[in-house]
$ cat entry13.cif   # mmCIF, C-alpha atoms and all ligand atoms
data_protein
loop_
_atom_site.label_atom_id
_atom_site.label_comp_id
_atom_site.auth_asym_id
_atom_site.auth_seq_id
_atom_site.Cartn_x
_atom_site.Cartn_y
_atom_site.Cartn_z
CA MET W 1 28.17 97.88 95.81
CA LYS W 2 28.33 101.07 97.83
CA ILE W 3 26.62 101.09 101.22
CA VAL W 4 24.97 104.25 102.55
CA LEU W 5 23.97 104.63 106.19
CA ARG W 6 21.72 107.64 106.72
CA ASN W 7 20.83 108.99 110.17
CA LEU W 8 20.98 105.45 111.48
CA THR W 9 20.00 105.06 115.13
CA LYS W 10 19.41 101.92 117.18
CA THR W 11 17.98 102.09 120.67
CA PHE W 12 17.47 98.94 122.74
CA PRO W 13 14.67 99.33 125.27
CA GLY W 14 15.72 98.86 128.87
CA ARG W 15 13.97 96.00 130.63
CA LYS W 16 11.06 97.57 132.50
CA LYS W 17 11.11 95.14 135.43
CA LYS W 18 14.71 95.91 136.19
CA SER W 19 14.02 99.62 135.50
CA ARG W 20 17.07 99.79 133.30
CA GLU W 21 17.49 102.74 130.98
CA ASP W 22 17.30 102.46 127.21
CA VAL W 23 20.64 101.91 125.50
CA THR W 24 21.30 103.78 122.28
CA ALA W 25 23.93 101.55 120.70
CA VAL W 26 24.19 103.53 117.44
CA LYS W 27 23.50 107.26 117.31
CA ASP W 28 22.71 109.14 114.12
CA PHE W 29 25.23 107.31 111.96
CA ASN W 30 25.92 108.94 108.61
CA PHE W 31 28.45 107.18 106.49
CA GLU W 32 29.03 106.01 102.95
CA ILE W 33 31.13 102.93 102.25
CA PRO W 34 32.50 103.25 98.72
CA ASP W 35 32.05 100.37 96.29
CA GLY W 36 34.76 97.74 96.56
CA GLU W 37 36.44 99.14 99.65
CA LEU W 38 37.30 97.47 102.92
CA VAL W 39 36.15 99.62 105.82
CA GLY W 40 37.32 98.95 109.37
CA LEU W 41 34.80 99.74 112.10
CA LEU W 42 36.90 100.41 115.16
CA GLY W 43 36.23 101.23 118.80
CA PRO W 44 36.31 99.86 122.33
CA SER W 45 34.05 97.05 123.46
CA GLY W 46 30.42 98.14 123.76
CA CYS W 47 30.71 101.14 121.40
CA GLY W 48 28.14 99.75 118.96
CA LYS W 49 30.24 98.03 116.30
CA SER W 50 28.32 94.75 116.24
CA THR W 51 25.01 96.58 116.35
CA THR W 52 26.04 98.61 113.28
CA LEU W 53 27.00 95.43 111.45
CA ASN W 54 23.75 93.72 112.46
CA LEU W 55 21.81 96.70 111.11
CA ILE W 56 23.64 96.46 107.79
CA CYS W 57 22.93 92.74 107.45
CA GLY W 58 19.36 92.98 108.74
CA LEU W 59 19.64 90.97 111.96
CA GLU W 60 18.51 94.15 113.74
CA ASN W 61 16.04 96.79 112.59
CA PRO W 62 16.97 100.44 113.10
CA THR W 63 14.96 102.69 115.42
CA GLN W 64 15.51 105.48 112.92
CA GLY W 65 17.29 106.04 109.64
CA GLN W 66 17.88 104.26 106.37
CA ILE W 67 20.30 101.83 104.77
CA PHE W 68 21.00 101.68 101.03
CA PHE W 69 22.95 99.14 99.01
CA GLY W 70 23.78 101.08 95.87
CA GLU W 71 20.50 102.78 94.94
CA ASP W 72 18.32 100.13 96.63
CA GLU W 73 16.90 100.86 100.03
CA VAL W 74 17.27 97.71 102.15
CA THR W 75 16.24 99.15 105.54
CA ASN W 76 13.28 96.79 105.96
CA LEU W 77 14.47 93.93 103.79
CA ALA W 78 14.93 90.51 105.47
CA PRO W 79 18.59 89.46 105.89
CA GLU W 80 18.29 86.59 103.37
CA HIS W 81 17.25 89.03 100.65
CA ARG W 82 20.07 91.50 101.18
CA GLY W 83 22.85 89.48 99.59
CA VAL W 84 25.22 89.77 102.54
CA GLY W 85 27.82 87.30 103.74
CA MET W 86 28.49 87.39 107.46
CA VAL W 87 31.44 86.00 109.43
CA PHE W 88 31.48 85.94 113.22
CA GLN W 89 34.21 85.63 115.84
CA ASN W 90 33.14 82.13 116.88
CA TYR W 91 33.01 80.66 113.31
CA ALA W 92 29.53 79.16 113.95
CA LEU W 93 30.12 76.08 111.78
CA TYR W 94 27.89 73.01 111.89
CA PRO W 95 29.98 70.46 113.82
CA HIS W 96 28.33 67.36 112.34
CA LEU W 97 28.82 68.50 108.71
CA THR W 98 32.04 68.26 106.74
CA VAL W 99 33.84 71.33 105.49
CA LYS W 100 32.33 70.77 102.07
CA GLN W 101 28.80 70.42 103.47
CA ASN W 102 29.27 73.51 105.63
CA ILE W 103 30.25 75.60 102.62
CA LEU W 104 27.43 74.20 100.48
CA PHE W 105 24.83 74.78 103.18
CA PRO W 106 23.76 78.33 102.27
CA LEU W 107 23.23 77.28 98.65
CA GLN W 108 21.19 74.16 99.40
CA ASN W 109 18.33 75.99 101.07
CA ARG W 110 17.59 78.22 98.11
CA LYS W 111 14.08 78.13 96.76
CA GLY W 112 12.38 79.03 93.49
CA LYS W 113 14.33 81.04 90.98
CA ASP W 114 17.37 81.23 93.28
CA ARG W 115 17.88 77.46 93.13
CA LEU W 116 21.16 76.30 91.67
CA SER W 117 22.03 73.09 89.87
CA LYS W 118 24.20 70.55 91.66
CA GLU W 119 27.07 71.29 89.29
CA GLU W 120 26.82 75.03 89.86
CA MET W 121 26.84 74.52 93.65
CA GLU W 122 29.92 72.27 93.43
CA LYS W 123 31.68 74.80 91.25
CA ARG W 124 30.99 77.67 93.64
CA MET W 125 31.96 75.59 96.67
CA LYS W 126 35.29 74.66 95.09
CA GLU W 127 35.98 78.23 94.04
CA ALA W 128 35.29 79.56 97.56
CA ALA W 129 37.40 76.80 99.16
CA ARG W 130 40.25 77.60 96.79
CA LEU W 131 40.08 81.32 97.61
CA VAL W 132 40.59 80.65 101.32
CA GLN W 133 43.00 77.76 100.67
CA ILE W 134 41.12 74.94 102.35
CA ASP W 135 40.51 72.87 99.20
CA ALA W 136 42.57 70.02 100.68
CA LEU W 137 40.39 69.77 103.80
CA LEU W 138 36.93 69.40 102.28
CA ASP W 139 36.11 66.01 103.86
CA ARG W 140 37.07 66.91 107.41
CA LYS W 141 34.72 67.92 110.19
CA PRO W 142 35.22 71.29 111.95
CA GLY W 143 36.48 69.50 115.07
CA GLU W 144 39.43 68.21 113.04
CA LEU W 145 40.55 71.71 112.04
CA SER W 146 42.60 74.40 113.75
CA GLY W 147 40.93 77.69 114.69
CA GLY W 148 42.43 79.42 111.69
CA GLN W 149 41.19 76.72 109.33
CA GLN W 150 37.70 76.86 110.86
CA GLN W 151 37.59 80.59 110.31
CA ARG W 152 38.57 80.07 106.66
CA VAL W 153 35.66 77.68 106.27
CA ALA W 154 33.37 80.33 107.75
CA ILE W 155 34.72 82.86 105.26
CA ALA W 156 34.25 80.41 102.37
CA ARG W 157 30.68 79.81 103.52
CA ALA W 158 30.06 83.57 103.36
CA LEU W 159 31.73 83.90 99.94
CA VAL W 160 29.92 80.98 98.30
CA LYS W 161 26.73 83.06 98.19
CA MET W 162 28.58 85.61 96.06
CA PRO W 163 27.39 88.31 98.42
CA ARG W 164 27.08 91.97 97.46
CA VAL W 165 28.52 92.85 100.83
CA LEU W 166 30.83 90.97 103.19
CA LEU W 167 30.54 91.67 106.92
CA LEU W 168 33.12 90.39 109.40
CA ASP W 169 32.59 90.79 113.16
CA GLU W 170 35.91 90.42 115.02
CA PRO W 171 36.80 87.44 112.80
CA LEU W 172 40.33 87.08 114.15
CA SER W 173 39.72 87.41 117.89
CA ASN W 174 39.79 83.67 118.58
CA LEU W 175 43.09 83.11 116.78
CA ASP W 176 46.55 83.23 118.30
CA ALA W 177 48.82 86.15 117.47
CA ARG W 178 50.64 84.65 114.48
CA LEU W 179 47.56 83.23 112.85
CA ARG W 180 45.83 86.54 113.39
CA LEU W 181 48.50 88.33 111.36
CA GLN W 182 48.47 85.74 108.61
CA THR W 183 44.69 85.49 108.38
CA ARG W 184 44.20 89.24 108.25
CA GLU W 185 46.55 89.45 105.30
CA GLU W 186 44.59 86.69 103.60
CA ILE W 187 41.29 88.43 104.23
CA ARG W 188 42.79 91.50 102.63
CA LYS W 189 43.94 89.49 99.62
CA ILE W 190 40.57 87.81 99.20
CA GLN W 191 38.82 91.15 99.46
CA ARG W 192 41.09 92.63 96.78
CA ALA W 193 40.64 89.59 94.53
CA THR W 194 36.85 89.58 94.76
CA GLY W 195 36.30 93.34 95.04
CA ILE W 196 33.42 92.77 97.49
CA THR W 197 32.53 95.80 99.57
CA THR W 198 33.54 94.72 103.06
CA VAL W 199 33.00 95.95 106.60
CA PHE W 200 35.46 94.58 109.13
CA VAL W 201 34.73 95.09 112.83
CA THR W 202 37.52 95.05 115.40
CA HIS W 203 38.54 96.64 118.69
CA ASP W 204 42.19 96.22 117.68
CA GLN W 205 43.46 99.45 116.18
CA GLU W 206 46.51 97.89 114.60
CA GLU W 207 44.37 95.29 112.87
CA ALA W 208 42.00 97.93 111.53
CA MET W 209 44.80 100.26 110.43
CA SER W 210 46.72 97.53 108.63
CA ILE W 211 44.00 96.17 106.37
CA SER W 212 41.43 98.95 105.92
CA ASP W 213 41.08 101.35 103.02
CA ARG W 214 39.17 103.54 105.42
CA ILE W 215 38.45 103.38 109.13
CA VAL W 216 35.49 104.57 111.19
CA VAL W 217 36.36 105.27 114.83
CA MET W 218 33.37 104.93 117.16
CA LYS W 219 32.75 105.81 120.79
CA GLU W 220 29.49 105.19 122.64
CA GLY W 221 27.54 104.73 119.42
CA VAL W 222 28.80 107.94 117.84
CA ILE W 223 31.22 108.24 114.91
CA GLN W 224 34.28 110.15 116.07
CA GLN W 225 36.21 110.27 112.83
CA THR W 226 36.42 108.58 109.45
CA GLY W 227 39.24 108.57 106.94
CA ARG W 228 42.20 106.71 105.56
CA PRO W 229 44.11 105.06 108.44
CA GLN W 230 47.20 107.22 108.03
CA GLU W 231 45.15 110.43 107.75
CA VAL W 232 43.31 109.69 110.96
CA TYR W 233 46.55 108.80 112.75
CA ASP W 234 48.27 111.98 111.52
CA ASP W 235 45.32 114.28 112.11
CA PRO W 236 43.07 113.07 114.94
CA ALA W 237 39.82 114.96 115.52
CA ASN W 238 39.89 114.66 119.29
CA LEU W 239 41.83 113.18 122.18
CA PHE W 240 39.82 109.96 122.16
CA VAL W 241 40.86 109.18 118.57
CA ALA W 242 44.44 110.26 119.22
CA LYS W 243 44.63 107.89 122.20
CA PHE W 244 42.86 105.02 120.50
CA LEU W 245 45.25 104.82 117.54
CA GLY W 246 48.91 103.96 117.90
CA THR W 247 51.06 101.60 119.99
CA PRO W 248 52.59 102.55 122.29
CA PRO W 249 49.80 105.09 122.83
CA ILE W 250 50.20 108.82 122.48
CA ASN W 251 51.63 110.67 125.49
CA VAL W 252 49.29 113.25 126.99
CA LEU W 253 50.77 116.22 128.84
CA GLU W 254 49.11 119.16 130.56
CA GLY W 255 50.32 122.50 129.33
CA TYR W 256 49.17 125.88 128.15
CA VAL W 257 49.42 128.27 125.24
CA LYS W 258 50.82 131.72 125.99
CA ASP W 259 52.40 134.28 123.65
CA GLU W 260 51.61 131.94 120.74
CA LYS W 261 53.79 129.23 122.18
CA VAL W 262 53.04 125.83 123.69
CA TRP W 263 54.43 125.61 127.22
CA LEU W 264 55.18 122.37 129.04
CA ALA W 265 56.65 122.28 132.55
CA GLY W 266 57.29 126.02 132.40
CA ARG W 267 59.24 126.03 129.14
CA PRO W 268 58.14 126.94 125.60
CA VAL W 269 58.36 123.75 123.53
CA LEU W 270 56.71 124.61 120.20
CA SER W 271 55.33 127.73 118.58
CA ALA W 272 51.59 127.90 117.88
CA ARG W 273 50.89 130.94 115.73
CA GLY W 274 47.44 132.44 116.08
CA ILE W 275 46.30 130.28 119.01
CA PRO W 276 44.86 132.27 121.93
CA ALA W 277 46.21 131.81 125.45
CA GLN W 278 44.57 128.88 127.25
CA GLU W 279 45.22 125.67 129.12
CA VAL W 280 45.60 122.73 126.75
CA LEU W 281 46.31 119.04 126.63
CA VAL W 282 49.29 118.25 124.43
CA GLY W 283 49.41 114.85 122.75
CA ILE W 284 52.86 113.74 121.61
CA ARG W 285 53.31 110.51 119.68
CA PRO W 286 56.09 108.26 121.05
CA GLU W 287 58.01 108.79 117.81
CA GLY W 288 57.64 112.57 118.23
CA PHE W 289 60.56 113.06 120.63
CA LEU W 290 64.09 114.03 119.64
CA LEU W 291 66.96 113.45 122.03
CA ARG W 292 68.60 116.88 122.47
CA GLU W 293 71.02 117.91 125.16
CA ASP W 294 69.56 121.41 125.07
CA GLY W 295 65.97 120.24 124.40
CA PRO W 296 63.21 122.24 126.11
CA LEU W 297 61.48 119.27 127.73
CA ALA W 298 63.46 117.99 130.70
CA CYS W 299 62.38 114.62 132.12
CA ARG W 300 63.55 112.23 134.77
CA MET W 301 64.89 109.05 133.20
CA GLU W 302 63.12 105.96 134.52
CA ARG W 303 64.47 103.23 132.25
CA VAL W 304 65.55 102.33 128.76
CA GLU W 305 64.02 99.36 126.95
CA VAL W 306 65.83 97.89 123.96
CA MET W 307 63.46 96.69 121.24
CA GLY W 308 65.95 95.83 118.49
CA ARG W 309 65.31 98.33 115.76
CA ASP W 310 64.26 101.01 118.27
CA ILE W 311 64.90 102.09 121.82
CA SER W 312 62.10 102.99 124.15
CA ILE W 313 62.86 105.60 126.79
CA VAL W 314 60.49 105.68 129.73
CA ALA W 315 60.69 108.99 131.58
CA SER W 316 58.64 110.94 134.06
CA GLN W 317 57.59 114.55 133.87
CA GLU W 318 55.26 116.52 136.13
CA ALA W 319 53.23 117.67 133.11
CA CYS W 320 52.41 114.06 132.30
CA ARG W 321 50.02 112.69 134.89
CA GLU W 322 48.95 109.54 133.09
CA GLY W 323 51.84 107.18 133.75
CA GLY W 324 55.20 108.10 132.28
CA ILE W 325 56.32 109.47 128.98
CA ARG W 326 57.33 106.85 126.47
CA ALA W 327 59.61 107.98 123.67
CA ILE W 328 60.63 105.71 120.80
CA ILE W 329 63.94 106.60 119.23
CA SER W 330 66.28 104.92 116.79
CA ALA W 331 68.60 102.25 118.24
CA GLU W 332 71.52 104.15 116.75
CA SER W 333 71.01 107.04 119.17
CA ALA W 334 73.50 107.28 122.00
CA VAL W 335 71.47 106.96 125.19
CA ASP W 336 73.07 106.62 128.58
CA PRO W 337 70.72 104.25 130.42
CA HIS W 338 72.25 105.29 133.75
CA ALA W 339 71.67 109.02 133.31
CA SER W 340 69.23 110.50 135.81
CA SER W 341 67.67 112.92 133.36
CA VAL W 342 66.99 113.22 129.67
CA ARG W 343 66.01 116.20 127.51
CA PHE W 344 63.83 116.17 124.44
CA ALA W 345 62.75 118.46 121.66
CA VAL W 346 59.35 117.73 120.09
CA LYS W 347 58.62 117.13 116.39
CA PRO W 348 55.82 119.55 115.46
CA ALA W 349 54.04 117.11 113.10
CA LYS W 350 53.81 114.54 115.89
CA ALA W 351 52.25 116.86 118.48
CA PHE W 352 48.57 117.84 118.75
CA LEU W 353 46.73 120.35 120.94
CA PHE W 354 43.38 119.59 122.53
CA GLU W 355 40.92 121.78 124.43
CA LYS W 356 41.24 120.94 128.08
CA ASP W 357 37.54 120.43 128.81
CA SER W 358 35.97 119.21 125.58
CA GLN W 359 39.14 117.33 124.52
CA GLU W 360 38.42 118.45 120.96
CA ARG W 361 41.38 119.16 118.74
CA ILE W 362 42.69 122.71 118.46
CA ARG W 363 43.86 122.93 114.86
CA ALA W 364 47.18 124.72 115.06
CA ARG W 365 50.16 124.99 112.77
CA LEU W 366 52.77 123.94 115.29
CA GLN W 367 56.39 124.71 114.58
CA THR W 368 59.71 124.18 116.24
CA GLU W 369 60.41 126.94 118.74
CA GLU W 370 63.18 129.19 117.46
P1 LIG W 401 30.49 96.29 120.33
O1 LIG W 401 30.26 95.31 119.25
O2 LIG W 401 31.17 97.54 119.86
O3 LIG W 401 31.23 95.71 121.51
P2 LIG W 401 27.61 96.23 120.65
O4 LIG W 401 27.09 96.75 119.37
O5 LIG W 401 27.57 94.78 120.85
O6 LIG W 401 29.08 96.80 120.89
O7 LIG W 401 26.80 96.91 121.85
C1 LIG W 401 26.59 98.30 121.96
C2 LIG W 401 25.74 98.61 123.17
O8 LIG W 401 24.43 98.12 122.96
C3 LIG W 401 26.23 97.97 124.45
O9 LIG W 401 26.00 98.85 125.51
C4 LIG W 401 25.36 96.73 124.56
O10 LIG W 401 25.22 96.35 125.91
C5 LIG W 401 24.07 97.19 123.98
N1 LIG W 401 23.30 96.10 123.33
C6 LIG W 401 23.70 95.35 122.27
N2 LIG W 401 22.76 94.45 121.92
C7 LIG W 401 21.74 94.62 122.79
C8 LIG W 401 20.45 94.00 122.96
N3 LIG W 401 20.03 93.03 122.14
N4 LIG W 401 19.67 94.45 123.97
C9 LIG W 401 20.06 95.45 124.78
N5 LIG W 401 21.25 96.07 124.67
C10 LIG W 401 22.08 95.68 123.70
MG MG W 402 30.87 93.30 119.11
#
$ encode --input "entry13.cif" --output "structure tokens" --more "lines below"
Ligand code: ADP
Ligand code: MG
Amino acid sequence: MKIVLRNLTKTFPGRKKKSREDVTAVKDFNFEIPDGELVGLLGPSGCGKSTTLNLICGLENPTQGQIFFGEDEVTNLAPEHRGVGMVFQNYALYPHLTVKQNILFPLQNRKGKDRLSKEEMEKRMKEAARLVQIDALLDRKPGELSGGQQQRVAIARALVKMPRVLLLDEPLSNLDARLRLQTREEIRKIQRATGITTVFVTHDQEEAMSISDRIVVMKEGVIQQTGRPQEVYDDPANLFVAKFLGTPPINVLEGYVKDEKVWLAGRPVLSARGIPAQEVLVGIRPEGFLLREDGPLACRMERVEVMGRDISIVASQEACREGGIRAIISAESAVDPHASSVRFAVKPAKAFLFEKDSQERIRARLQTEE
């Protein structure tokens, strides 16, 4: 079931007594989620992710705009008639009910033509429990389960309704690091197996990148960029997106373009054919540095961190005001950790130019300086 969001806006009125201003949590959202895909909604806390999800499931009504599931407009439809399954960060299970009763719950309240036979309910409950691998825990209460198991029950409870759309709001945030990894892979598997169109909200870029067919990067209620995770990483639309994706984060240096070259710290580092002279911000991914004795970018060596497969070189450079430069290079490289300086060349595909004021991307075909 494809989901279409058209000119979707949600403004929360400020409280008059406290003379607070209105908050526009979602601004003029236009986006189409293709049938059967898993879309990751990504952005910092407060950027409007949960509000977007609540609009899709009907817990909130939009101030403006429309929502379609396939060809059906659902903008003003009550949540229970939309056919959505929702999973929250805090599981929200009924503590006094067993796992089995929790999963059955959404089916037991059905009225009229939606009513199911007891056998049908049992069958669906077992199928959902099997999908999330909790079929051995059906008689336990939530208090007797780990966080990861509780979240599986919550997912089973969403799946048992056979929803047209599955919505997950930071479902892994309460889990410890290992369980988070494991559970996200399972969510991905379940999504593939069922083919349910899914929206997955997270502030964790790695999480979104690793499981999404497509990501939507948001800032202050506005879509910044959408695309396949790798496309967005390799071709960010602005500095915000470039900085939000990738660990360690992209390095940002102040430089300028002159004579169709990118200059950093007074040296030409890359060529930028056709780009007019101007001050720019240069983003360089940590993996975008090459150790070169005659490299154009000279830095002061701060320290070398061994990470097993890779080495991380932390260096300082006057062009880089925000902390130091962090370069990730292969552990096979010969680095002298006691050297006082280090020189780099820059891989053109790993460097991006941004306008200094607007921080929008300057699309340039960067090349190695000859
Ligand atoms: P996220 O999920 O990305 O952290 P939210 O969608 O929860 O962000 O919130 C987006 C913005 O809308 C925030 O500034 C938040 O304070 C505001 N907001 C969310 N819900 C309400 C509400 N019910 N009333 C007023 N403001 C709200
Ligand atoms: Mg939220």
$ residues_near_ligand --input "entry13.cif" --ligand "ligand MG 402 (chain W)" --cutoff "10 Å" --atoms "all atoms listed in the file" --output "list in words"
Gly43, Pro44, Ser45, Gly46, Cys47, Gly48, Lys49, Ser50, Thr51, Thr52, Leu53, Asn54, Phe88, Gln89, Asp169, Glu170, Val201, Thr202 and His203 of chain W
$ residues_around --input "entry13.cif" --residues "Asp235 of chain W" --least-positions-apart "6" --cutoff "12 Å" --atoms "only C-alpha atoms" --output "PyMOL selection string"
chain W and resi 225-229+241-243+245+283+285+349-354+360-365
$ residues_near_point --input "entry13.cif" --point "(24.6, 71.6, 100.1)" --cutoff "12 Å" --atoms "all atoms listed in the file" --output "ChimeraX atom specification"
/W:97-110,115-125,157,160-161
$ write_last_selection --input "entry13.cif" --atoms "C-alpha atoms" --output "PDB file, keeping the file's coordinate frame"
ATOM      1  CA  LEU W  97      28.820  68.500 108.710  1.00  0.00           C
ATOM      2  CA  THR W  98      32.040  68.260 106.740  1.00  0.00           C
ATOM      3  CA  VAL W  99      33.840  71.330 105.490  1.00  0.00           C
ATOM      4  CA  LYS W 100      32.330  70.770 102.070  1.00  0.00           C
ATOM      5  CA  GLN W 101      28.800  70.420 103.470  1.00  0.00           C
ATOM      6  CA  ASN W 102      29.270  73.510 105.630  1.00  0.00           C
ATOM      7  CA  ILE W 103      30.250  75.600 102.620  1.00  0.00           C
ATOM      8  CA  LEU W 104      27.430  74.200 100.480  1.00  0.00           C
ATOM      9  CA  PHE W 105      24.830  74.780 103.180  1.00  0.00           C
ATOM     10  CA  PRO W 106      23.760  78.330 102.270  1.00  0.00           C
ATOM     11  CA  LEU W 107      23.230  77.280  98.650  1.00  0.00           C
ATOM     12  CA  GLN W 108      21.190  74.160  99.400  1.00  0.00           C
ATOM     13  CA  ASN W 109      18.330  75.990 101.070  1.00  0.00           C
ATOM     14  CA  ARG W 110      17.590  78.220  98.110  1.00  0.00           C
ATOM     15  CA  ARG W 115      17.880  77.460  93.130  1.00  0.00           C
ATOM     16  CA  LEU W 116      21.160  76.300  91.670  1.00  0.00           C
ATOM     17  CA  SER W 117      22.030  73.090  89.870  1.00  0.00           C
ATOM     18  CA  LYS W 118      24.200  70.550  91.660  1.00  0.00           C
ATOM     19  CA  GLU W 119      27.070  71.290  89.290  1.00  0.00           C
ATOM     20  CA  GLU W 120      26.820  75.030  89.860  1.00  0.00           C
ATOM     21  CA  MET W 121      26.840  74.520  93.650  1.00  0.00           C
ATOM     22  CA  GLU W 122      29.920  72.270  93.430  1.00  0.00           C
ATOM     23  CA  LYS W 123      31.680  74.800  91.250  1.00  0.00           C
ATOM     24  CA  ARG W 124      30.990  77.670  93.640  1.00  0.00           C
ATOM     25  CA  MET W 125      31.960  75.590  96.670  1.00  0.00           C
ATOM     26  CA  ARG W 157      30.680  79.810 103.520  1.00  0.00           C
ATOM     27  CA  VAL W 160      29.920  80.980  98.300  1.00  0.00           C
ATOM     28  CA  LYS W 161      26.730  83.060  98.190  1.00  0.00           C
TER      29      LYS W 161
END
$ closest_residue --input "entry13.cif" --among "W:Lys258, W:Lys189, W:Arg184, W:Arg164" --to "Ile3 of chain W" --atoms "all atoms listed in the file"
W:Arg164
$ closest_residue --input "entry13.cif" --among "W:Phe344, W:Tyr233, W:Phe200, W:Phe68" --to "ligand LIG 401 (chain W)" --atoms "only C-alpha atoms and all ligand atoms"
W:Phe200
$ atom_distance --input "entry13.cif" --atom1 "atom CA of Pro62 of chain W" --atom2 "atom CA of Leu8 of chain W"
6.6 Å
$ closest_residue --input "entry13.cif" --among "W:Val314, W:Leu239, W:Val217, W:Met301" --to "Asp204 of chain W" --atoms "all atoms listed in the file"
W:Val217
$ closest_residue --input "entry13.cif" --among "W:Arg180, W:Lys10, W:Arg188, W:Lys261" --to "Leu166 of chain W" --atoms "only C-alpha atoms"
W:Arg188
$ atom_distance --input "entry13.cif" --atom1 "atom CA of Ser340 of chain W" --atom2 "atom CA of Gly246 of chain W"
27.9 Å
$ axis_aligned_box --input "entry13.cif" --around "segment 45-49 of chain W" --padding-each-side "5 Å" --output "JSON"
{"center_x": 31.1, "center_y": 99.1, "center_z": 120.0, "size_x": 15.9, "size_y": 14.1, "size_z": 17.5}
$ atom_distance --input "entry13.cif" --atom1 "atom CA of Met218 of chain W" --atom2 "atom N1 of ligand LIG 401 (chain W)"
14.7 Å
$ closest_residue --input "entry13.cif" --among "W:Glu220, W:Glu206, W:Glu127, W:Asp259" --to "ligand LIG 401 (chain W)" --atoms "all atoms listed in the file"
W:Glu220
$ closest_residue --input "entry13.cif" --among "W:Glu32, W:Gly112, W:Val222, W:Val153" --to "ligand LIG 401 (chain W)" --atoms "all atoms listed in the file"
W:Val222
$ residues_around --input "entry13.cif" --residues "Gly295 of chain W" --least-positions-apart "6" --cutoff "12 Å" --atoms "all atoms listed in the file" --output "mmCIF file with C-alpha atoms, in the coordinates of the input"
data_model
loop_
_atom_site.group_PDB
_atom_site.id
_atom_site.type_symbol
_atom_site.label_atom_id
_atom_site.label_comp_id
_atom_site.auth_asym_id
_atom_site.auth_seq_id
_atom_site.Cartn_x
_atom_site.Cartn_y
_atom_site.Cartn_z
ATOM 1 C CA LEU W 264 55.180 122.370 129.040
ATOM 2 C CA ARG W 267 59.240 126.030 129.140
ATOM 3 C CA PRO W 268 58.140 126.940 125.600
ATOM 4 C CA VAL W 269 58.360 123.750 123.530
ATOM 5 C CA LEU W 270 56.710 124.610 120.200
ATOM 6 C CA PHE W 289 60.560 113.060 120.630
ATOM 7 C CA SER W 341 67.670 112.920 133.360
ATOM 8 C CA VAL W 342 66.990 113.220 129.670
ATOM 9 C CA ARG W 343 66.010 116.200 127.510
ATOM 10 C CA PHE W 344 63.830 116.170 124.440
ATOM 11 C CA ALA W 345 62.750 118.460 121.660
ATOM 12 C CA VAL W 346 59.350 117.730 120.090
ATOM 13 C CA LYS W 347 58.620 117.130 116.390
ATOM 14 C CA THR W 368 59.710 124.180 116.240
ATOM 15 C CA GLU W 369 60.410 126.940 118.740
ATOM 16 C CA GLU W 370 63.180 129.190 117.460
#
$ residues_around --input "entry13.cif" --residues "Glu322 of chain W" --least-positions-apart "4" --cutoff "12 Å" --atoms "only C-alpha atoms" --output "count of residues only"
14
